[in-house]
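File shown here: my_file-v2.txt, holding compact mmCIF, C-alpha atoms.
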# COMPACT_ATOMS: atom_id res chain seq x y z
CA MET A 1169 99.50 49.18 79.32
CA ASP A 1170 97.88 51.59 76.88
CA LYS A 1171 100.13 54.13 75.26
CA ILE A 1172 99.23 57.79 74.85
CA LYS A 1173 100.56 60.57 72.66
CA ASP A 1174 101.21 64.17 73.60
CA GLU A 1175 103.09 66.96 71.88
CA ILE A 1176 104.68 70.34 72.42
CA LYS A 1177 105.72 73.13 70.10
CA LEU A 1178 109.06 74.67 70.99
CA ARG A 1179 109.58 78.40 70.52
CA ASN A 1180 111.47 78.16 67.24
CA ASN A 1181 113.63 75.90 65.11
CA ASN A 1182 116.89 77.24 66.56
CA ILE A 1183 115.81 76.35 70.10
CA ALA A 1184 114.76 72.93 68.80
CA ARG A 1185 118.21 72.42 67.26
CA ILE A 1186 119.89 73.29 70.56
CA ILE A 1187 117.69 70.89 72.54
CA PHE A 1188 117.83 68.01 70.06
CA GLY A 1189 121.61 68.08 69.89
CA LYS A 1190 123.95 67.04 67.12
CA ASN A 1191 122.34 64.28 65.03
CA ASP A 1192 119.45 64.27 67.54
CA GLU A 1193 121.69 62.64 70.16
CA ASN A 1194 119.89 64.37 73.02
CA LEU A 1195 116.54 63.03 71.82
CA LYS A 1196 117.95 59.51 71.91
CA VAL A 1197 119.10 60.00 75.51
CA ILE A 1198 115.63 61.24 76.51
CA GLU A 1199 113.91 58.31 74.74
CA GLU A 1200 116.09 55.76 76.52
CA SER A 1201 115.70 57.45 79.91
CA PHE A 1202 111.90 57.51 79.82
CA SER A 1203 111.18 54.51 77.56
CA VAL A 1204 109.14 56.63 75.16
CA ASN A 1205 109.18 57.17 71.42
CA ILE A 1206 109.90 60.74 70.31
CA ILE A 1207 109.01 62.12 66.90
CA ALA A 1208 110.50 65.53 66.11
CA ARG A 1209 109.69 67.67 63.08
CA GLY A 1210 110.95 71.23 62.98
CA ASN A 1211 110.09 72.64 66.38
CA ASN A 1212 107.26 70.17 67.02
CA VAL A 1213 107.90 67.28 69.39
CA LYS A 1214 105.60 64.28 69.92
CA ALA A 1215 106.08 61.75 72.72
CA ILE A 1216 104.42 58.33 72.68
CA GLY A 1217 104.40 55.94 75.62
CA ASP A 1218 103.14 55.39 79.15
CA LYS A 1219 101.00 58.30 80.37
CA GLN A 1220 103.18 59.18 83.36
CA GLU A 1221 106.42 59.00 81.36
CA VAL A 1222 105.00 61.03 78.47
CA SER A 1223 103.85 63.68 80.93
CA LYS A 1224 107.38 63.94 82.37
CA VAL A 1225 108.91 64.14 78.90
CA ILE A 1226 106.61 66.96 77.82
CA GLU A 1227 107.36 68.84 81.03
CA LEU A 1228 111.08 68.27 80.44
CA PHE A 1229 110.86 69.81 76.97
CA LYS A 1230 108.98 72.80 78.42
CA GLU A 1231 111.77 73.35 80.91
CA LEU A 1232 114.52 72.87 78.32
CA ASP A 1233 112.71 75.31 76.03
CA SER A 1234 112.72 77.92 78.80
CA ILE A 1235 116.44 77.65 79.61
CA SER A 1236 117.96 77.16 76.15
CA SER A 1237 117.78 80.64 74.64
CA GLY A 1238 121.08 81.90 76.06
CA GLN A 1239 123.36 79.18 74.74
CA ASP A 1240 124.46 77.69 71.43
CA THR A 1241 124.50 74.06 72.53
CA LEU A 1242 122.98 71.77 75.11
CA THR A 1243 125.38 68.92 75.74
CA THR A 1244 124.34 65.34 76.36
CA LYS A 1245 125.75 65.63 79.88
CA GLU A 1246 123.57 68.68 80.57
CA VAL A 1247 120.54 66.84 79.23
CA GLU A 1248 121.33 63.91 81.54
CA TYR A 1249 121.39 66.28 84.53
CA ALA A 1250 118.09 67.76 83.38
CA ILE A 1251 116.55 64.29 83.06
CA GLU A 1252 117.51 63.39 86.62
CA MET A 1253 115.87 66.53 87.94
CA ALA A 1254 112.81 65.99 85.75
CA LYS A 1255 112.37 62.56 87.33
CA ALA A 1256 112.39 64.09 90.80
CA GLU A 1257 109.40 65.84 92.31
CA ASN A 1258 108.79 69.58 92.64
CA ILE A 1259 112.05 70.67 91.02
CA SER A 1260 112.21 73.42 88.43
CA LEU A 1261 115.09 73.34 85.99
CA LYS A 1262 114.57 77.04 85.46
CA ASP A 1263 115.22 77.77 89.15
CA ILE A 1264 118.51 75.88 88.96
CA TYR A 1265 119.91 76.87 85.57
CA ASN A 1266 118.88 80.52 85.89
CA ASP A 1267 120.77 80.86 89.17
CA VAL A 1268 123.91 82.61 87.90
CA ILE A 1269 126.51 82.55 90.68
CA GLN A 1270 129.26 84.40 88.85
CA VAL A 1271 130.34 85.33 85.33
CA THR A 1272 133.92 84.40 84.41
CA ASN A 1273 136.41 86.78 82.84
CA LEU A 1274 135.53 85.20 79.49
CA GLY A 1275 131.83 85.87 79.96
CA LYS A 1276 130.79 82.31 80.84
CA LYS A 1277 127.88 82.08 83.26
CA ILE A 1278 128.48 79.72 86.16
CA THR A 1279 125.32 78.06 87.48
CA PRO A 1280 124.52 74.93 89.48
CA LYS A 1281 124.24 71.84 87.29
CA THR A 1282 122.48 69.49 89.68
CA LEU A 1283 119.93 69.68 92.48
CA GLY A 1284 122.62 68.91 95.05
CA GLN A 1285 124.75 71.77 93.77
CA LYS A 1286 121.78 74.13 94.02
CA VAL A 1287 121.22 73.09 97.66
CA TYR A 1288 124.94 73.62 98.31
CA ILE A 1289 124.97 77.10 96.77
CA ASP A 1290 121.86 78.14 98.71
CA ALA A 1291 123.49 76.92 101.93
CA LEU A 1292 126.60 79.01 101.17
CA ARG A 1293 124.42 82.09 100.77
CA GLU A 1294 122.47 81.53 103.96
CA ASN A 1295 125.10 80.34 106.47
CA ASP A 1296 128.42 81.57 107.80
CA ILE A 1297 129.92 78.07 107.98
CA VAL A 1298 129.08 75.32 105.48
CA PHE A 1299 130.37 71.77 105.30
CA GLY A 1300 130.22 70.25 101.82
CA ILE A 1301 130.57 66.48 102.08
CA GLY A 1302 130.55 64.18 99.09
CA PRO A 1303 132.55 62.28 96.49
CA ALA A 1304 135.07 63.63 94.03
CA GLY A 1305 133.74 65.42 90.97
CA THR A 1306 130.66 66.98 92.57
CA GLY A 1307 131.97 70.55 92.24
CA LYS A 1308 132.43 71.22 95.96
CA THR A 1309 135.75 73.05 95.64
CA TYR A 1310 134.97 74.81 92.38
CA LEU A 1311 131.62 76.23 93.53
CA ALA A 1312 133.06 77.31 96.88
CA VAL A 1313 135.79 79.23 95.05
CA VAL A 1314 133.21 80.76 92.71
CA MET A 1315 131.16 81.98 95.67
CA ALA A 1316 134.28 83.36 97.34
CA VAL A 1317 135.11 85.29 94.17
CA ASN A 1318 131.55 86.60 94.09
CA TYR A 1319 131.87 87.85 97.66
CA LEU A 1320 135.20 89.51 96.88
CA MET A 1321 133.98 91.20 93.68
CA SER A 1322 130.85 92.48 95.46
CA ASN A 1323 132.92 93.80 98.40
CA LYS A 1324 131.28 91.49 100.94
CA VAL A 1325 134.78 90.40 102.00
CA LYS A 1326 138.22 91.90 101.57
CA ARG A 1327 140.16 88.74 100.79
CA ILE A 1328 139.99 85.06 99.96
CA ILE A 1329 141.94 82.48 101.94
CA LEU A 1330 142.24 78.97 100.53
CA THR A 1331 143.85 76.15 102.46
CA ARG A 1332 144.14 72.40 102.61
CA PRO A 1333 146.19 69.93 104.67
CA ALA A 1334 149.34 68.75 102.93
CA ILE A 1335 148.82 65.31 104.40
CA GLU A 1336 151.07 63.53 101.92
CA ALA A 1337 154.00 65.44 103.34
CA GLY A 1338 152.72 65.31 106.90
CA GLU A 1339 152.68 69.12 106.76
CA LYS A 1340 156.44 68.92 107.33
CA LEU A 1341 157.48 70.44 104.04
CA GLY A 1342 161.14 71.17 104.72
CA PHE A 1343 162.52 68.14 102.95
CA LEU A 1344 160.85 69.08 99.65
CA PRO A 1345 162.94 71.07 97.13
CA GLY A 1346 162.30 74.76 96.40
CA ASP A 1347 160.91 77.70 98.32
CA LEU A 1348 157.69 77.54 100.36
CA GLN A 1349 155.40 78.20 97.39
CA GLU A 1350 157.08 75.50 95.33
CA LYS A 1351 156.80 73.04 98.21
CA VAL A 1352 153.05 73.45 98.73
CA ASP A 1353 151.87 74.12 95.17
CA PRO A 1354 151.28 70.45 94.28
CA TYR A 1355 148.81 70.14 97.15
CA LEU A 1356 147.04 73.40 96.40
CA ARG A 1357 146.85 73.12 92.60
CA PRO A 1358 143.06 72.41 92.45
CA LEU A 1359 142.45 75.72 94.21
CA TYR A 1360 144.62 77.61 91.72
CA ASP A 1361 142.85 75.88 88.83
CA ALA A 1362 139.43 76.99 90.06
CA LEU A 1363 140.59 80.59 90.51
CA TYR A 1364 142.21 80.73 87.08
CA ASP A 1365 139.04 79.41 85.47
CA VAL A 1366 136.87 82.11 87.07
CA LEU A 1367 139.14 85.16 87.10
CA GLY A 1368 141.84 84.41 84.53
CA THR A 1369 145.55 83.94 85.15
CA GLU A 1370 146.55 87.61 85.06
CA LYS A 1371 143.90 88.75 87.55
CA VAL A 1372 144.63 85.88 89.95
CA ASP A 1373 148.37 86.57 89.87
CA GLN A 1374 147.70 90.25 90.64
CA LEU A 1375 145.46 89.38 93.61
CA LEU A 1376 147.98 86.85 94.90
CA GLU A 1377 150.75 89.43 94.70
CA ARG A 1378 148.63 91.95 96.63
CA LYS A 1379 147.77 89.27 99.26
CA ILE A 1380 144.07 89.70 98.51
CA ILE A 1381 144.04 86.01 97.67
CA GLU A 1382 146.10 83.74 99.89
CA ILE A 1383 146.70 80.04 99.28
CA ALA A 1384 148.54 78.16 102.00
CA PRO A 1385 148.72 74.80 103.77
CA LEU A 1386 146.55 74.36 106.85
CA ALA A 1387 149.53 74.33 109.19
CA TYR A 1388 150.08 78.03 108.43
CA MET A 1389 146.61 78.99 109.76
CA ARG A 1390 147.55 78.32 113.37
CA GLY A 1391 147.46 81.38 115.64
CA ARG A 1392 145.70 83.63 113.12
CA THR A 1393 142.33 85.40 113.17
CA LEU A 1394 140.75 85.29 109.71
CA LYS A 1395 138.49 88.34 109.49
CA ASN A 1396 136.70 89.99 106.55
CA SER A 1397 137.49 86.87 104.55
CA ALA A 1398 135.96 84.09 102.52
CA VAL A 1399 137.84 81.06 103.82
CA ILE A 1400 137.85 77.63 102.20
CA LEU A 1401 139.29 74.47 103.73
CA ASP A 1402 139.59 71.81 101.03
CA GLU A 1403 140.26 68.05 101.46
CA ALA A 1404 139.04 68.40 105.05
CA GLN A 1405 138.78 64.62 105.49
CA ASN A 1406 142.56 64.73 105.91
CA THR A 1407 142.45 67.02 108.94
CA THR A 1408 142.87 65.57 112.40
CA ARG A 1409 140.31 66.44 115.04
CA GLU A 1410 142.75 68.93 116.53
CA GLN A 1411 143.39 70.59 113.17
CA MET A 1412 139.68 70.94 112.46
CA LYS A 1413 139.08 72.62 115.81
CA MET A 1414 142.07 74.88 115.19
CA PHE A 1415 140.74 75.91 111.79
CA LEU A 1416 137.16 76.55 112.89
CA THR A 1417 138.30 78.71 115.78
CA ARG A 1418 140.31 80.94 113.40
CA ILE A 1419 137.11 82.40 111.90
CA GLY A 1420 136.86 86.10 112.71
CA PRO A 1421 134.29 88.90 112.24
CA ASN A 1422 132.59 89.28 108.85
CA SER A 1423 134.00 85.99 107.55
CA THR A 1424 132.52 82.90 105.99
CA ALA A 1425 134.02 79.44 105.97
CA VAL A 1426 133.49 76.48 103.66
CA ILE A 1427 134.84 73.09 104.67
CA ASN A 1428 134.83 70.47 101.92
CA GLY A 1429 135.78 66.84 101.86
CA ASP A 1430 134.98 63.21 101.15
CA ILE A 1431 134.98 61.16 104.34
CA THR A 1432 135.39 57.95 102.32
CA GLN A 1433 138.78 59.03 100.96
CA THR A 1434 140.81 60.07 103.99
CA ASP A 1435 144.59 59.65 103.76
CA LEU A 1436 145.01 59.73 107.53
CA PRO A 1437 146.61 56.62 109.05
CA ASN A 1438 143.60 56.28 111.36
CA ARG A 1439 140.35 57.15 109.57
CA GLY A 1440 138.56 57.48 112.90
CA ARG A 1441 140.65 60.54 113.72
CA SER A 1442 139.31 62.56 110.79
CA GLY A 1443 138.31 66.02 111.92
CA LEU A 1444 135.64 66.15 109.23
CA ALA A 1445 134.01 62.92 110.41
CA GLN A 1446 133.92 64.20 113.98
CA ALA A 1447 132.65 67.65 113.01
CA GLN A 1448 129.56 66.27 111.31
CA GLU A 1449 128.70 64.46 114.53
CA ILE A 1450 129.21 67.24 117.07
CA LEU A 1451 128.36 70.47 115.19
CA LYS A 1452 124.98 69.59 113.70
CA GLY A 1453 122.14 71.71 115.00
CA ILE A 1454 124.22 74.82 115.63
CA GLU A 1455 122.53 77.81 114.02
CA GLY A 1456 124.62 79.30 111.23
CA ILE A 1457 126.38 76.01 110.46
CA SER A 1458 125.03 73.91 107.59
CA PHE A 1459 125.95 70.42 106.38
CA VAL A 1460 125.29 69.64 102.71
CA TYR A 1461 125.70 66.09 101.42
CA LEU A 1462 126.35 65.56 97.74
CA SER A 1463 126.21 62.15 96.06
CA ASN A 1464 127.19 60.38 92.86
CA ARG A 1465 124.12 62.00 91.27
CA ASP A 1466 125.91 65.34 91.55
CA VAL A 1467 129.10 64.25 89.78
CA VAL A 1468 129.85 66.65 86.93
CA ARG A 1469 133.06 65.10 85.64
CA HIS A 1470 133.23 62.32 83.05
CA ARG A 1471 130.10 60.14 83.16
CA LEU A 1472 132.26 57.14 84.17
CA VAL A 1473 133.28 58.88 87.41
CA ARG A 1474 129.70 58.47 88.62
CA GLU A 1475 129.75 54.77 87.74
CA ILE A 1476 133.10 54.29 89.46
CA ILE A 1477 131.80 55.91 92.66
CA LYS A 1478 128.68 53.74 92.59
CA ALA A 1479 130.78 50.61 92.13
CA TYR A 1480 132.95 51.42 95.13
CA GLU A 1481 129.92 52.33 97.25
CA ALA A 1482 128.44 48.92 96.47
CA ILE A 1483 131.33 47.05 98.12
CA ASN A 1484 131.48 49.19 101.27
Please lay out the structure from this file as structure tokens.
Amino acid sequence: MDKIKDEIKLRNNNIARIIFGKNDENLKVIEESFSVNIIARGNNVKAIGDKQEVSKVIELFKELDSISSGQDTLTTKEVEYAIEMAKAENISLKDIYNDVIQVTNLGKKITPKTLGQKVYIDALRENDIVFGIGPAGTGKTYLAVVMAVNYLMSNKVKRIILTRPAIEAGEKLGFLPGDLQEKVDPYLRPLYDALYDVLGTEKVDQLLERKIIEIAPLAYMRGRTLKNSAVILDEAQNTTREQMKMFLTRIGPNSTAVINGDITQTDLPNRGRSGLAQAQEILKGIEGISFVYLSNRDVVRHRLVREIIKAYEAIN
């Protein structure tokens, strides 16, 4: 197959440095991913290889050039996400990376990192109830918390309610040492971590004290009407069918609900009784309810997490 050569001139040398990465490590990742040779001098980039692959590489550099001005570095992991989207059809990196969901208390812009995350965020904006289903590490909980914070800060809701089933203790927490908060904290820690990352410890503690943010086990939702709230049910694969129905029927006026989970990792004694598994079967097609499925391609933890998930999927 005949090779072709094409080139692009990036905006300036600083942008080029950001895109190329330390010791040109990002260029090496791009070369390996597309099986092309890349020659970079200053802010000029030449790609040599198969016509279709060269075309994708040049388009990738155009996109990276357009999104790199607001940051000091572009990590290898971010480049890998960008490569995956560049290999897909009709996807603009600019549309994804310029979608700022929220700015943290430290000034960090939070944006989707993968196509699946972008679809998930759009679903949260457009629907009152969203189910996020997918493996660990895809950002389901974190992005749901970020959106809830956004709604609270923009006065779309008056409070945030975060819950998850304490399945390991059977939701019978009396035998555990300490007061109620100490009993349930181990099961709710990921929700605290996400809040602290977005708002900072001091702000979160203030909102918890004022009951504007509430974090509690699912058992404590029974009998309530959750109105004017952004409500998140995490680890929903560990709800029974009865618990899922109970939770969904708590949703009151001017509230949104996000239900997240991984149906392959239920801790219930009988996997077939998972409320999340049943919900995806019986609630599809109802207007205002959206199901978003994330995959190992959306994993944003350590690169090996993606490989681990793929390995386990291969034996199931």
Which residues of range 1242-1297 of chain A come within 9 Å of range 1366-1386 of chain A, and for each one, what is the closest pair of atoms and their distance in Å to one decimal, counting only C-alpha atoms, sorted by chain and residue number, as CSV?
residue,atom,partner,partner_atom,distance
A:Gln1270,CA,A:Val1366,CA,8.1
A:Val1271,CA,A:Val1366,CA,7.5
A:Thr1272,CA,A:Val1366,CA,4.6
A:Asn1273,CA,A:Leu1367,CA,5.3
A:Leu1274,CA,A:Gly1368,CA,8.1
A:Lys1276,CA,A:Val1366,CA,8.7
A:Ile1278,CA,A:Val1366,CA,8.8
Each residue of range 1208-1300 of chain A with at least one atom at most 6 Å from range 1175-1192 of chain A should appear once, together with its nearest atom pair and the corresponding distance in Å (one decimal); atoms considered: all atoms listed in the file; ordering: chain, then increasing residue number; output as a tab-separated table.
residue	atom	partner	partner_atom	distance
A:Gly1210	CA	A:Asn1181	CA	5.8
A:Asn1211	CA	A:Asn1181	CA	5.0
A:Asn1212	CA	A:Lys1177	CA	4.5
A:Val1213	CA	A:Ile1176	CA	5.4
A:Lys1214	CA	A:Glu1175	CA	4.2
A:Thr1241	CA	A:Ile1186	CA	5.1
A:Leu1242	CA	A:Ile1186	CA	5.7
| query | Looking at all atoms listed in the file, which of A:Ile1264, A:Asn1194, A:Arg1332, A:Lys1173 is the one that sits closest to Ile1226 in chain A? | reply | A:Lys1173
| Distance criterion (all atoms listed in the file): nearest to Met1253 in chain A out of A:Val1268, A:Leu1283, A:Ile1483, A:Met1414 |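 Ranked by minimum distance to Met1253 in chain A, first place goes to A:Leu1283.
For the atom pair formed by CA of Ile1450 in chain A and CA of Gly1302 in chain A, the distance is 18.3 Å, given to one decimal.
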| message | Using only C-alpha atoms - which residues lie no farther than 6 Å from the point (126.1, 56.6, 90.2) in the file's frame? Write them as a list in words. | response |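 In the file's frame, the residues around the point are Asn1464, Arg1465, Arg1474, Glu1475 and Lys1478 of chain A.
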| said: Under the rule that all atoms listed in the file are counted, which of A:Thr1424, A:Thr1393, A:Thr1306, A:Gln1405 is the nearest residue to Tyr1461 in chain A? | reply: A:Thr1306
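For the pair CA of Val1467 in chain A and CA of Arg1441 in chain A, the separation is 26.8 Å.
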| Please, what distance in Å, to one decimal, runs between CA of Asp1365 in chain A and CA of Lys1308 in chain A? | 14.9 Å
| request: Identify the residues within 12 Å of coordinate (130.1, 68.7, 94.7) (same frame as the file), considering all atoms listed in the file, and give the answer as number ranges by chain. | output: A: 1280-1289, 1299-1313, 1402, 1427-1430, 1460-1469, 1474
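Comparing the minimum interatomic distances between Ser1458 in chain A and each of A:Asp1290, A:Glu1199, A:Asp1361, A:Asp1435, counting only C-alpha atoms, we find that A:Asp1290 sits nearest.
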Per residue of range 1388-1466 of chain A within 6 Å of range 1293-1297 of chain A, which atom pair is closest and at what distance in Å (one decimal), using only C-alpha atoms, listed by chain and increasing number, as CSV?
residue,atom,partner,partner_atom,distance
A:Thr1424,CA,A:Asp1296,CA,4.7
A:Ala1425,CA,A:Ile1297,CA,4.8
A:Val1426,CA,A:Ile1297,CA,5.8
A:Gly1456,CA,A:Asn1295,CA,4.9
A:Ile1457,CA,A:Ile1297,CA,4.8
